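K.L.:
Below is the file target_19.cif, which contains mmCIF, C-alpha atoms and all ligand atoms.
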data_model
loop_
_atom_site.label_atom_id
_atom_site.label_comp_id
_atom_site.auth_asym_id
_atom_site.auth_seq_id
_atom_site.Cartn_x
_atom_site.Cartn_y
_atom_site.Cartn_z
CA MET S 598 76.76 54.22 -64.65
CA THR S 599 75.50 53.77 -68.18
CA ARG S 600 78.36 53.14 -70.59
CA TYR S 601 76.67 52.37 -73.90
CA ALA S 602 73.79 53.35 -76.13
CA PHE S 603 72.49 52.09 -79.42
CA PHE S 604 72.65 55.21 -81.58
CA GLU S 605 72.48 55.78 -85.34
CA GLY S 606 72.65 52.09 -86.16
CA ALA S 607 75.35 50.83 -83.77
CA ILE S 608 76.12 50.34 -80.10
CA ARG S 609 78.52 53.13 -79.11
CA PRO S 610 79.97 54.66 -75.95
CA ILE S 611 77.23 56.77 -74.31
CA GLU S 612 79.33 59.93 -74.77
CA GLU S 613 78.99 59.55 -78.53
CA ALA S 614 75.19 59.30 -78.45
CA ARG S 615 74.41 63.00 -78.91
CA ILE S 616 71.77 64.85 -80.90
CA SER S 617 71.77 68.44 -82.14
CA VAL S 618 69.70 71.26 -80.63
CA MET S 619 68.20 71.52 -84.11
CA THR S 620 66.74 68.00 -83.95
CA HIS S 621 63.08 67.99 -84.97
CA ALA S 622 61.90 65.82 -82.05
CA PHE S 623 63.69 68.06 -79.54
CA ASN S 624 61.93 71.11 -80.97
CA TYR S 625 58.46 69.67 -81.57
CA GLY S 626 58.04 66.60 -79.36
CA THR S 627 57.93 64.37 -82.44
CA GLY S 628 59.46 61.39 -80.73
CA TRP S 629 58.10 58.23 -79.21
CA PHE S 630 59.52 55.89 -76.64
CA GLY S 631 59.25 52.77 -74.55
CA GLY S 632 60.17 51.64 -71.07
CA ILE S 633 61.14 48.06 -70.34
CA ARG S 634 62.33 46.55 -67.09
CA GLY S 635 65.07 44.02 -66.51
CA TYR S 636 64.73 42.04 -63.26
CA TRP S 637 67.71 40.49 -61.57
CA ASN S 638 67.28 36.98 -60.16
CA ASP S 639 70.10 36.52 -57.68
CA ALA S 640 69.62 32.77 -57.17
CA GLN S 641 69.88 32.15 -60.91
CA GLN S 642 72.43 34.94 -61.47
CA GLN S 643 70.24 35.99 -64.35
CA LEU S 644 68.74 39.21 -65.69
CA PHE S 645 65.23 38.74 -67.11
CA VAL S 646 63.77 41.28 -69.52
CA PHE S 647 60.01 41.44 -69.14
CA ARG S 648 57.92 41.12 -72.33
CA PRO S 649 60.42 42.89 -74.62
CA LEU S 650 58.67 41.82 -77.83
CA ASP S 651 55.34 43.21 -76.64
CA HIS S 652 57.03 46.46 -75.66
CA TYR S 653 58.72 46.74 -79.03
CA ARG S 654 55.49 45.94 -80.88
CA ARG S 655 53.87 48.87 -79.10
CA PHE S 656 56.97 50.97 -79.81
CA LEU S 657 56.53 50.25 -83.53
CA ASN S 658 52.83 51.11 -83.28
CA SER S 659 53.70 54.45 -81.68
CA ALA S 660 56.08 54.99 -84.60
CA ARG S 661 53.26 54.31 -87.06
CA LEU S 662 51.07 56.91 -85.34
CA LEU S 663 53.80 59.45 -86.15
CA MET S 664 54.20 58.15 -89.72
CA ALA S 665 57.69 56.93 -88.90
CA GLU S 666 59.35 54.23 -90.91
CA LEU S 667 61.95 52.15 -89.16
CA PRO S 668 64.21 49.49 -90.62
CA TYR S 669 63.85 47.31 -87.49
CA SER S 670 61.39 44.62 -86.42
CA ALA S 671 60.39 44.05 -82.80
CA GLU S 672 62.63 40.97 -82.84
CA GLU S 673 65.62 42.97 -84.08
CA LEU S 674 65.10 45.67 -81.46
CA THR S 675 64.95 42.97 -78.79
CA THR S 676 68.21 41.45 -80.04
CA ILE S 677 69.92 44.87 -79.96
CA THR S 678 68.59 45.41 -76.42
CA LEU S 679 69.97 42.08 -75.20
CA GLU S 680 73.35 42.87 -76.71
CA LEU S 681 73.34 46.28 -75.04
CA LEU S 682 72.44 44.81 -71.64
CA ARG S 683 75.14 42.16 -71.95
CA LEU S 684 77.72 44.86 -72.65
CA GLU S 685 76.56 46.88 -69.65
CA ASN S 686 76.70 43.66 -67.64
CA TRP S 687 74.04 44.82 -65.17
CA ARG S 688 73.84 42.61 -62.06
CA GLY S 689 70.72 44.21 -60.61
CA ASP S 690 67.36 45.57 -61.70
CA CYS S 691 67.53 47.88 -64.68
CA TYR S 692 65.36 49.87 -67.05
CA VAL S 693 65.66 50.05 -70.83
CA ARG S 694 64.63 53.21 -72.63
CA PRO S 695 64.20 52.99 -76.41
CA VAL S 696 63.47 56.33 -78.05
CA GLY S 697 62.44 56.91 -81.64
CA TYR S 698 62.64 60.40 -83.04
CA LYS S 699 62.30 62.63 -86.06
CA ALA S 700 65.95 63.30 -86.59
CA ASP S 701 66.10 66.01 -89.28
CA GLU S 702 67.66 69.29 -88.29
CA LEU S 703 65.23 71.74 -89.80
CA ILE S 704 62.43 74.17 -89.01
CA GLY S 705 58.97 72.94 -90.03
CA VAL S 706 56.11 71.33 -88.13
CA ARG S 707 55.05 68.02 -89.68
CA VAL S 708 55.54 64.30 -89.23
CA HIS S 709 55.83 63.16 -92.85
CA GLY S 710 58.92 63.11 -95.01
CA LEU S 711 61.40 63.20 -92.15
CA ARG S 712 64.29 60.94 -91.18
CA ASP S 713 63.49 58.56 -88.32
CA GLU S 714 66.10 57.27 -85.87
CA VAL S 715 66.11 54.96 -82.86
CA THR S 716 68.31 55.12 -79.80
CA ILE S 717 68.31 52.71 -76.85
CA PHE S 718 70.00 53.04 -73.48
CA SER S 719 69.63 51.42 -70.08
CA VAL S 720 70.07 52.47 -66.46
CA PRO S 721 70.08 50.67 -63.10
CA PHE S 722 66.60 51.13 -61.67
CA GLY S 723 64.74 50.67 -58.42
CA ARG S 724 61.38 52.11 -57.48
CA TYR S 725 59.67 54.69 -59.66
CA LEU S 726 57.13 55.58 -56.98
CA GLN S 727 58.39 55.50 -53.41
CA ALA S 728 54.90 55.00 -51.96
CA GLU S 729 54.25 51.69 -53.76
CA GLU S 730 52.56 50.22 -50.69
CA GLY S 731 49.97 52.99 -50.36
CA ALA S 732 50.05 56.07 -52.54
CA ARG S 733 48.12 59.23 -51.70
CA VAL S 734 46.44 60.28 -54.92
CA GLY S 735 44.55 63.36 -56.06
CA PHE S 736 42.44 63.97 -59.15
CA SER S 737 44.27 66.30 -61.49
CA SER S 738 42.88 69.64 -62.64
CA TRP S 739 44.42 68.76 -66.02
CA ARG S 740 42.65 66.47 -68.47
CA ARG S 741 44.26 63.58 -70.33
CA VAL S 742 45.27 64.27 -73.94
CA ASP S 743 42.52 63.10 -76.23
CA ASP S 744 42.88 60.61 -79.09
CA ASN S 745 42.11 63.42 -81.53
CA MET S 746 44.81 65.63 -80.04
CA ILE S 747 47.77 63.33 -79.42
CA PRO S 748 46.84 59.64 -79.31
CA ALA S 749 47.43 58.45 -75.75
CA ARG S 750 47.54 54.80 -76.85
CA GLY S 751 50.97 55.55 -78.26
CA LYS S 752 53.87 56.60 -76.10
CA ILE S 753 54.51 59.89 -77.88
CA SER S 754 57.12 62.23 -76.41
CA GLY S 755 55.09 65.41 -76.87
CA SER S 756 52.17 64.08 -74.84
CA TYR S 757 54.44 63.66 -71.82
CA ALA S 758 54.24 67.42 -71.31
CA ASN S 759 50.64 66.56 -70.31
CA SER S 760 51.91 63.83 -67.96
CA ALA S 761 54.56 66.13 -66.49
CA LEU S 762 52.03 68.90 -65.73
CA ILE S 763 49.80 66.31 -64.08
CA LYS S 764 52.59 64.80 -61.98
CA SER S 765 54.05 68.12 -60.82
CA GLU S 766 50.68 69.49 -59.81
CA ALA S 767 50.02 66.36 -57.76
CA VAL S 768 53.40 66.35 -56.02
CA LEU S 769 53.38 70.11 -55.34
CA ASN S 770 49.91 69.67 -53.83
CA GLY S 771 51.28 67.01 -51.46
CA PHE S 772 50.12 63.87 -53.28
CA ASP S 773 52.28 60.99 -54.50
CA GLU S 774 50.47 60.61 -57.82
CA ALA S 775 47.47 61.86 -59.75
CA LEU S 776 44.46 60.36 -61.44
CA VAL S 777 43.43 62.07 -64.66
CA LEU S 778 40.01 62.39 -66.23
CA THR S 779 39.20 62.23 -69.91
CA HIS S 780 37.53 65.18 -71.59
CA ASP S 781 34.10 63.67 -70.93
CA GLY S 782 34.93 63.30 -67.24
CA HIS S 783 35.71 59.61 -66.88
CA VAL S 784 38.79 58.16 -65.27
CA ALA S 785 41.66 57.62 -67.71
CA GLU S 786 44.85 56.76 -65.83
CA GLY S 787 47.69 58.14 -63.74
CA SER S 788 50.44 60.40 -65.08
CA ALA S 789 52.43 57.38 -66.26
CA GLU S 790 50.50 54.31 -65.15
CA ASN S 791 47.23 52.50 -65.77
CA PHE S 792 44.51 52.31 -63.14
CA PHE S 793 42.49 49.48 -61.62
CA MET S 794 39.92 49.46 -58.84
CA VAL S 795 38.03 46.75 -56.99
CA ARG S 796 34.29 47.12 -56.50
CA HIS S 797 31.99 44.34 -55.30
CA GLY S 798 34.93 41.96 -55.70
CA ALA S 799 35.43 42.60 -59.44
CA LEU S 800 38.50 44.20 -60.95
CA ILE S 801 37.55 47.22 -63.05
CA THR S 802 39.74 49.27 -65.39
CA PRO S 803 39.02 51.91 -68.03
CA PRO S 804 38.80 50.55 -71.59
CA VAL S 805 41.54 51.24 -74.16
CA HIS S 806 39.38 53.91 -75.81
CA SER S 807 39.54 56.03 -72.63
CA ASN S 808 42.67 57.87 -73.73
CA VAL S 809 44.95 55.50 -71.86
CA LEU S 810 48.25 54.03 -72.91
CA GLU S 811 47.74 50.43 -73.96
CA GLY S 812 49.85 49.21 -71.07
CA ILE S 813 51.78 45.97 -71.15
CA THR S 814 51.47 45.71 -67.36
CA ARG S 815 47.72 46.37 -67.65
CA ARG S 816 47.44 43.40 -70.01
CA THR S 817 49.60 41.33 -67.68
CA VAL S 818 47.45 42.19 -64.67
CA ILE S 819 44.23 41.32 -66.50
CA GLN S 820 45.58 37.92 -67.50
CA LEU S 821 47.03 37.11 -64.07
CA ALA S 822 43.84 38.23 -62.30
CA GLU S 823 41.66 36.02 -64.48
CA GLU S 824 43.91 32.99 -64.74
CA GLN S 825 45.51 32.84 -61.33
CA LEU S 826 43.12 34.62 -58.99
CA GLY S 827 39.87 33.72 -60.76
CA LEU S 828 38.75 37.34 -60.67
CA ARG S 829 36.18 38.90 -62.95
CA VAL S 830 37.82 41.72 -64.90
CA VAL S 831 35.63 44.42 -66.40
CA GLU S 832 36.82 47.09 -68.84
CA ARG S 833 34.37 49.99 -68.64
CA ASP S 834 34.09 53.72 -68.03
CA ILE S 835 34.66 54.72 -64.42
CA ASP S 836 33.16 57.79 -62.71
CA ARG S 837 35.27 59.88 -60.38
CA SER S 838 32.94 59.28 -57.42
CA GLU S 839 33.08 55.52 -57.94
CA VAL S 840 36.77 55.65 -57.14
CA TYR S 841 35.98 57.21 -53.76
CA LEU S 842 33.83 54.16 -52.99
CA ALA S 843 36.28 51.53 -54.25
CA GLU S 844 37.24 48.71 -51.92
CA GLU S 845 40.77 48.78 -53.33
CA ALA S 846 42.61 50.54 -56.12
CA PHE S 847 46.07 50.39 -57.62
CA PHE S 848 48.26 51.75 -60.38
CA CYS S 849 50.24 49.50 -62.67
CA GLY S 850 52.98 50.08 -65.20
CA THR S 851 56.51 49.10 -66.01
CA GLY S 852 57.96 51.82 -63.79
CA VAL S 853 55.42 51.81 -60.99
CA GLN S 854 55.02 48.00 -61.10
CA ILE S 855 51.91 47.48 -58.95
CA ALA S 856 51.37 50.33 -56.50
CA ALA S 857 48.50 50.34 -54.03
CA ILE S 858 46.42 53.49 -53.69
CA ALA S 859 45.72 54.37 -50.05
CA SER S 860 43.56 57.44 -50.61
CA VAL S 861 42.07 59.58 -53.35
CA ASP S 862 41.29 63.26 -52.80
CA HIS S 863 41.86 62.70 -49.06
CA ARG S 864 39.28 59.91 -48.92
CA THR S 865 40.67 56.67 -47.56
CA LEU S 866 40.02 53.62 -49.74
CA GLY S 867 39.03 50.40 -47.99
CA ASN S 868 40.87 50.18 -44.70
CA GLY S 869 43.65 52.46 -45.95
CA GLY S 870 46.20 49.68 -46.19
CA MET S 871 46.94 47.43 -49.13
CA GLY S 872 43.82 45.37 -49.80
CA PRO S 873 43.88 41.58 -50.23
CA ILE S 874 43.38 41.58 -54.01
CA THR S 875 46.09 44.19 -54.59
CA THR S 876 48.41 42.28 -52.26
CA ALA S 877 47.81 38.98 -54.05
CA LEU S 878 48.28 40.49 -57.51
CA ARG S 879 51.38 42.39 -56.48
CA ASP S 880 53.02 39.31 -54.94
CA LEU S 881 52.20 37.26 -58.02
CA TYR S 882 53.47 39.98 -60.37
CA PHE S 883 56.81 40.18 -58.57
CA ARG S 884 57.21 36.41 -58.72
CA VAL S 885 56.40 36.41 -62.43
CA VAL S 886 58.83 39.19 -63.40
CA ARG S 887 61.68 37.64 -61.40
CA GLY S 888 61.26 34.26 -63.05
CA GLU S 889 59.69 32.44 -60.13
CA GLU S 890 56.47 31.40 -61.92
CA PRO S 891 57.35 28.82 -64.61
CA LYS S 892 53.89 29.14 -66.19
CA TYR S 893 54.75 32.68 -67.29
CA SER S 894 58.43 32.22 -68.12
CA HIS S 895 57.60 32.82 -71.80
CA TRP S 896 57.21 36.51 -70.88
CA LEU S 897 60.84 36.64 -69.80
CA THR S 898 63.93 36.84 -71.94
CA PRO S 899 67.18 35.97 -70.14
CA VAL S 900 70.07 38.31 -70.92
CA TYR S 901 73.02 36.13 -70.00
CA ALA S 902 74.04 32.71 -71.22
CA SER S 903 72.85 29.93 -68.91
CA GLU S 904 76.44 29.58 -67.69
CA PRO S 905 76.90 32.92 -65.96
CA VAL S 906 79.73 34.88 -67.51
CA LEU S 907 81.81 36.08 -64.59
CA THR S 908 83.43 39.40 -65.26
CA ALA S 909 85.24 41.84 -63.07
CA GLY S 910 83.40 44.90 -61.80
CA ARG S 911 79.66 45.15 -61.25
N1 LIG D 1001 50.14 54.99 -68.95
C1 LIG D 1001 51.12 55.87 -69.21
C2 LIG D 1001 50.76 57.28 -69.58
C3 LIG D 1001 52.48 55.47 -69.15
O1 LIG D 1001 53.46 56.34 -69.42
C4 LIG D 1001 52.77 54.13 -68.77
C5 LIG D 1001 54.21 53.70 -68.65
N2 LIG D 1001 54.71 53.20 -69.84
C6 LIG D 1001 51.71 53.25 -68.53
C7 LIG D 1001 50.41 53.70 -68.62
C8 LIG D 1001 51.96 51.81 -68.23
O2 LIG D 1001 52.35 51.13 -69.40
P1 LIG D 1001 53.26 49.83 -69.37
O3 LIG D 1001 52.61 48.89 -68.46
O4 LIG D 1001 53.30 49.35 -70.77
O5 LIG D 1001 54.60 50.26 -68.87
#
Represent the structure contained in this file as structure tokens.
Ligand code: PMP
P.N.:
Amino acid sequence: MTRYAFFEGAIRPIEEARISVMTHAFNYGTGWFGGIRGYWNDAQQQLFVFRPLDHYRRFLNSARLLMAELPYSAEELTTITLELLRLENWRGDCYVRPVGYKADELIGVRVHGLRDEVTIFSVPFGRYLQAEEGARVGFSSWRRVDDNMIPARGKISGSYANSALIKSEAVLNGFDEALVLTHDGHVAEGSAENFFMVRHGALITPPVHSNVLEGITRRTVIQLAEEQLGLRVVERDIDRSEVYLAEEAFFCGTGVQIAAIASVDHRTLGNGGMGPITTALRDLYFRVVRGEEPKYSHWLTPVYASEPVLTAGR
């Protein structure tokens, strides 16, 4: 149970972190957010936050897209997050949700000249997608928001109505997740995750100008694939029918982690199980985020002092 939130400049009991129904962001979707995972390492009795600075840098970029001005740096937001997690004293995997929002209580559609606020809370967290080992995916009848509508490279609250329509359609049609096309008919991403496929042994993903979120996990996967698996990674437009012919495909993101795609539009990919490249990347990713790959420990920020602080409860 979440007990605390950072709200209006201080860490407070979660019950006190309340906004009004008149709040601008609640009315108009003029908020932006992040999603960061904390991974529990039982052997080390340590909680590792994965790439918090990179997440907060993107958070501040999303803020800039909405002309928001915040009095915090990425470093300061990371420090607040660590303090919050220490207070919660999570002893298991968790998820941190920072939200920025236009806080004025007034009627009037705009982004300029409004008060900006940040709130941060955390929850215990397991899987986001149950079918991580082999998701059944369908192409959405919705299109991804375009850069000239709501920039998808930022994590802007209003654009998640697009994601929600995409996800619900997929689930109600019997799929686990959806793939979404851009307006010009190329593959963008999933409802809340980036997309990779393997063709002719190379790892291929849509470029950042394909109306995708500039994913931290996407960047992580590209680096791990090149450095550790010696794979060729290509960022280029992907046709829908190419996905049907892929040897392997997977989604990646903070929530979904690395989730294999078993089929797309009822067409089985590869042998229908998790392919060797997806398996290798997924295993490596899980070792990295749990602090079992020293080469990438700079991506991890430990929450607790090196001497574990033993407290009652959790
Ligand atoms: N695309 C969308 C639309 C998302 O919501 C997410 C989740 N944040 C991602 C991709 C993956 O991004 P990241 O790896 O930074 O979590």
K.L.:
Excluding stretch 850-867 of chain S and any residue of its chain fewer than 4 positions from it, enumerate the residues within 6 Å of it, using only C-alpha atoms, and give them as a list in words.
P.N.:
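Here the answer would be Tyr725, Leu726, Glu729, Glu730, Gly731, Ala732, Arg733, Val734, Gly735, Glu790, Thr814, Glu844, Glu845, Ala846, Met871 and Arg879 of chain S.
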K.L.:
Can you work out the spacing between atom CA of S:Glu702 and atom CA of S:Asn624 in Å, to one decimal?
P.N.:
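Taking atom CA of S:Glu702 as the start and atom CA of S:Asn624 as the end point, the length is 9.5 Å.
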K.L.:
Calculate how many Å separate atom CA of S:His709 from atom P1 of ligand LIG 1001 (chain D), rounding to one decimal.
P.N.:
27.1 Å
K.L.:
Enumerate residues in contact with ligand LIG 1001 (chain D): an atom-to-atom distance of at most 9 Å, counting all atoms listed in the file. Format the result as a PDB file with C-alpha atoms, keeping the file's coordinate frame.
P.N.:
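So result.pdb came out as:
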ATOM      1  CA  PHE S 630      59.520  55.890 -76.640  1.00  0.00           C
ATOM      2  CA  GLY S 631      59.250  52.770 -74.550  1.00  0.00           C
ATOM      3  CA  GLY S 632      60.170  51.640 -71.070  1.00  0.00           C
ATOM      4  CA  ILE S 633      61.140  48.060 -70.340  1.00  0.00           C
ATOM      5  CA  ARG S 634      62.330  46.550 -67.090  1.00  0.00           C
ATOM      6  CA  ASP S 651      55.340  43.210 -76.640  1.00  0.00           C
ATOM      7  CA  HIS S 652      57.030  46.460 -75.660  1.00  0.00           C
ATOM      8  CA  ARG S 655      53.870  48.870 -79.100  1.00  0.00           C
ATOM      9  CA  ALA S 749      47.430  58.450 -75.750  1.00  0.00           C
ATOM     10  CA  ARG S 750      47.540  54.800 -76.850  1.00  0.00           C
ATOM     11  CA  GLY S 751      50.970  55.550 -78.260  1.00  0.00           C
ATOM     12  CA  LYS S 752      53.870  56.600 -76.100  1.00  0.00           C
ATOM     13  CA  SER S 756      52.170  64.080 -74.840  1.00  0.00           C
ATOM     14  CA  TYR S 757      54.440  63.660 -71.820  1.00  0.00           C
ATOM     15  CA  SER S 760      51.910  63.830 -67.960  1.00  0.00           C
ATOM     16  CA  ALA S 785      41.660  57.620 -67.710  1.00  0.00           C
ATOM     17  CA  GLU S 786      44.850  56.760 -65.830  1.00  0.00           C
ATOM     18  CA  GLY S 787      47.690  58.140 -63.740  1.00  0.00           C
ATOM     19  CA  SER S 788      50.440  60.400 -65.080  1.00  0.00           C
ATOM     20  CA  ALA S 789      52.430  57.380 -66.260  1.00  0.00           C
ATOM     21  CA  GLU S 790      50.500  54.310 -65.150  1.00  0.00           C
ATOM     22  CA  ASN S 791      47.230  52.500 -65.770  1.00  0.00           C
ATOM     23  CA  PHE S 792      44.510  52.310 -63.140  1.00  0.00           C
ATOM     24  CA  VAL S 809      44.950  55.500 -71.860  1.00  0.00           C
ATOM     25  CA  LEU S 810      48.250  54.030 -72.910  1.00  0.00           C
ATOM     26  CA  GLU S 811      47.740  50.430 -73.960  1.00  0.00           C
ATOM     27  CA  GLY S 812      49.850  49.210 -71.070  1.00  0.00           C
ATOM     28  CA  ILE S 813      51.780  45.970 -71.150  1.00  0.00           C
ATOM     29  CA  THR S 814      51.470  45.710 -67.360  1.00  0.00           C
ATOM     30  CA  ARG S 815      47.720  46.370 -67.650  1.00  0.00           C
ATOM     31  CA  ARG S 816      47.440  43.400 -70.010  1.00  0.00           C
ATOM     32  CA  THR S 817      49.600  41.330 -67.680  1.00  0.00           C
ATOM     33  CA  PHE S 848      48.260  51.750 -60.380  1.00  0.00           C
ATOM     34  CA  CYS S 849      50.240  49.500 -62.670  1.00  0.00           C
ATOM     35  CA  GLY S 850      52.980  50.080 -65.200  1.00  0.00           C
ATOM     36  CA  THR S 851      56.510  49.100 -66.010  1.00  0.00           C
ATOM     37  CA  GLY S 852      57.960  51.820 -63.790  1.00  0.00           C
ATOM     38  CA  VAL S 853      55.420  51.810 -60.990  1.00  0.00           C
ATOM     39  CA  GLN S 854      55.020  48.000 -61.100  1.00  0.00           C
TER      40      GLN S 854
END
K.L.:
In the coordinate frame of the file, compute which residues have an atom within 12 Å of (69.5, 35.9, -64.9) when using only C-alpha atoms, and state them as a VMD selection string.
P.N.:
chain S and resid 635 to 647 682 to 683 686 to 690 886 to 889 897 to 906
K.L.:
One decimal, Å: what's the distance from atom CA of S:Ile704 over to atom CA of S:Arg741, could you say?
P.N.:
28.1 Å
K.L.:
Quick one: everything within 7 Å of S:Leu650, counting all atoms listed in the file, minus sequence neighbours fewer than 2 positions away in the same chain. Send it as a PyMOL selection string.
P.N.:
chain S and resi 648+652-654+671-672+675
K.L.:
Using the selection just defined, write its residues with C-alpha atoms as a CSV table (one decimal), in the coordinates of the input.
P.N.:
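Writing done, so here's result.csv:
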chain,number,residue,atom,x,y,z
S,648,ARG,CA,57.9,41.1,-72.3
S,652,HIS,CA,57.0,46.5,-75.7
S,653,TYR,CA,58.7,46.7,-79.0
S,654,ARG,CA,55.5,45.9,-80.9
S,671,ALA,CA,60.4,44.0,-82.8
S,672,GLU,CA,62.6,41.0,-82.8
S,675,THR,CA,65.0,43.0,-78.8
